[in-house]
Amino acid sequence: MAPVPEPRFDFRQLRVMVVTNLPNPQRGIHATQTALLADYLEREGAQVRRVTRQTRFILKTVDILCQLWLQRNSYDLIQIQTTPYHGFANTAVVIAAAQLLGKRVVSNYFTSAGPDFLEKHRRWAVPLLKRADAVVVASKYVQDRLASLGVRSVVIPHLVDYTDWPWRERTSLRPALLWVRRFHPECDPVTAIRAFQRIKARHPEASLTMVGDGPLLSPCRRLAQEANLRDVSFPGFVERKTLRGYYETADIFLHTARVDNQPQSLLEAMASGLAVVATRVGGVPELVEDGRCGLLVDPADAEAMAEAVDCLLERPQVALRMIHSARERIRSLDWPHLRPQWSQLYEAVLAGTEPCSKLGDIRTQQSARAPVATRRSEAEVPAMAAGTLQRRRRLSK
């Protein structure tokens with residue numbers, strides 16, 4: 001791995017108010033990427049203020065405005081995690097308040113649904129977002145979508161504290177499957193169950209654990225019962241300590257989202273040493289290089305997902321190489337590697353210059369660091385999976 005360049009910016013001169021949903025396990029809220037960034041900034045010596053633990057829109061807005069006013073002399077920059085709909089209204093409030101108070105604003109626009117929201121409400125939402133001093137996105141996919149709407153942004157991938165997710169060395173793979181996400185139509189938990197039906201028929205010892213909550217949790221439980229599927233568990237929302245245990249005991253991670261960017265659960269699975277089968281959507285291919293760090297399939301294709309799992313189980317040595325490549329990918333997303341990009345961003349924003357002109361395409365820089373020696377053989381894996389799928393379909397006719 002290439003040496004990490006030292007940033008010139010002194011984080012100790014940074015005074016920032018971070019606006020995001022703060023961790024609250026009792027309400028099912030894990031740490032957001034912006035909250036994680038705030039922790040690292042504080043370790044660097046930055047003066048960090050945080051808001052808010054409120055989840056209801058009105059209370060959240062009032063809390064944000066009160067803290068921005070009461071602590072106005074203790075920060076120079078506001079960094080907000082921008083989300084669509086009610087969350088975007090909070091960003092509008094923050095930008096308006098920042099202009100009145102003479103503060104800079106950085107919008108972390110990490111959500112996969114963000115570009116669709118902007119396109120739907122482009123007449124008012126786009127001009128508002130462009131008033132931020134910088135917009136940070138996690139993938140080239142979102143950057144390109146925003147650029148098509150006239151919004152300039154900087155790509156800084158999601159942070160991973162891989163030391164927080166214990167790595168387990170796997171010498172073989174079992175059909176022990178894990179799915180971690182919100183039970184929401186966009187995350188498509190139904191496809192995971194449909195895929196597991198096929199996997200279970202071929203591997204009777206297979207198991208599936210689906211962690212999370214949401215509106216589709218009860219329907220998915222009923223679906224598994226109606227399909228008479230055994231060895232499927234739904235523990236609901238769990239705290240981080242318990243979640244680490246699920247990553248440790250599983251061997252293969254399923255990601256079934258129909259729309260996505262750089263999902264935290266996928267980062268955690270790669271950091272924990274699981275083999276990955278994910279959908280080819282949004283910014284996921286930038287994170288999971290197909291055939292090198294995992295296998296990608298089309299969204300809502302349960303058969304293709306099941307076949308990809310078969311491919312991993314039938315070729316364990318190739319799968320284990322992919323696991324180690326994924327680990328290297330994750331190690332390029334830790335704080336020492338992303339610190340220079342954040343350093344350059346803050347330096348530009350506080351100086352009142354255009355950060356987009358100072359930062360390069362980070363995805364390209366990171367892929368240049370990746371080892372090339374094993375790419376050739378591992379690039380054959382998607383073709384092998386496709387061949388397996390076609391062969392089995394012919395046999396089933």
# chains A, B, ... in the order shown; residues from 1 in each chain; ligands from 1
$ select_by_dssp --residues "region 169-358 of chain A" --states "helix (DSSP H, G or I)" --output "VMD selection string"
chain A and resid 185 to 187 189 to 202 217 to 226 240 to 249 264 to 272 284 to 287 302 to 314 316 to 331 335 to 351 355 to 357
$ atom_distance --atom1 "CA of Thr249 (chain A)" --atom2 "CA of Gly212 (chain A)"
16.8 Å
$ residues_around --residues "Ala351 (chain A)" --least-positions-apart "3" --cutoff "12 Å" --atoms "only C-alpha atoms" --output "list in words"
Phe9, Leu14, Asp76, Leu77, Arg104, Asp133, Gln344, Leu345, Tyr346, Glu347, Ala348, Glu354 and Pro355 of chain A
$ write_last_selection --atoms "N, CA and C atoms" --output "mmCIF file, in the first residue's frame"
data_model
loop_
_atom_site.group_PDB
_atom_site.id
_atom_site.type_symbol
_atom_site.label_atom_id
_atom_site.label_comp_id
_atom_site.auth_asym_id
_atom_site.auth_seq_id
_atom_site.Cartn_x
_atom_site.Cartn_y
_atom_site.Cartn_z
ATOM 1 N N PHE A 9 -2.738 21.069 6.608
ATOM 2 C CA PHE A 9 -3.690 21.771 7.452
ATOM 3 C C PHE A 9 -3.568 21.311 8.905
ATOM 4 N N LEU A 14 -9.314 24.170 13.570
ATOM 5 C CA LEU A 14 -10.682 23.963 13.100
ATOM 6 C C LEU A 14 -11.663 24.042 14.265
ATOM 7 N N ASP A 76 -16.585 28.145 13.609
ATOM 8 C CA ASP A 76 -16.459 28.940 12.390
ATOM 9 C C ASP A 76 -17.143 28.268 11.200
ATOM 10 N N LEU A 77 -17.348 26.973 11.333
ATOM 11 C CA LEU A 77 -17.855 26.188 10.209
ATOM 12 C C LEU A 77 -18.941 25.236 10.715
ATOM 13 N N ARG A 104 -19.268 29.381 7.612
ATOM 14 C CA ARG A 104 -19.151 28.518 6.433
ATOM 15 C C ARG A 104 -19.995 27.255 6.639
ATOM 16 N N ASP A 133 -20.894 26.072 1.040
ATOM 17 C CA ASP A 133 -19.520 26.360 0.618
ATOM 18 C C ASP A 133 -18.856 25.139 -0.005
ATOM 19 N N GLN A 344 -7.475 19.048 3.042
ATOM 20 C CA GLN A 344 -7.525 19.978 1.905
ATOM 21 C C GLN A 344 -8.886 20.663 1.811
ATOM 22 N N LEU A 345 -9.941 19.901 2.093
ATOM 23 C CA LEU A 345 -11.285 20.476 2.022
ATOM 24 C C LEU A 345 -11.448 21.606 3.041
ATOM 25 N N TYR A 346 -11.094 21.352 4.294
ATOM 26 C CA TYR A 346 -11.260 22.374 5.328
ATOM 27 C C TYR A 346 -10.379 23.587 5.045
ATOM 28 N N GLU A 347 -9.180 23.336 4.573
ATOM 29 C CA GLU A 347 -8.275 24.446 4.261
ATOM 30 C C GLU A 347 -8.890 25.351 3.196
ATOM 31 N N ALA A 348 -9.482 24.733 2.163
ATOM 32 C CA ALA A 348 -10.079 25.516 1.082
ATOM 33 C C ALA A 348 -11.330 26.256 1.552
ATOM 34 N N GLU A 354 -12.459 27.570 -3.823
ATOM 35 C CA GLU A 354 -13.258 26.475 -4.381
ATOM 36 C C GLU A 354 -12.591 25.136 -4.093
ATOM 37 N N PRO A 355 -13.162 24.310 -3.198
ATOM 38 C CA PRO A 355 -12.498 23.037 -2.860
ATOM 39 C C PRO A 355 -12.475 22.048 -4.008
#
$ atom_distance --atom1 "CA of Thr55 (chain A)" --atom2 "CA of Thr111 (chain A)"
17.4 Å
$ residues_around --residues "Ile330 (chain A)" --least-positions-apart "6" --cutoff "7 Å" --atoms "only C-alpha atoms" --output "PyMOL selection string"
chain A and resi 160+270-271
$ closest_residue --among "A:Phe183, A:Ala302, A:His86, A:Leu287" --to "Pro219 (chain A)" --atoms "only C-alpha atoms"
A:Phe183
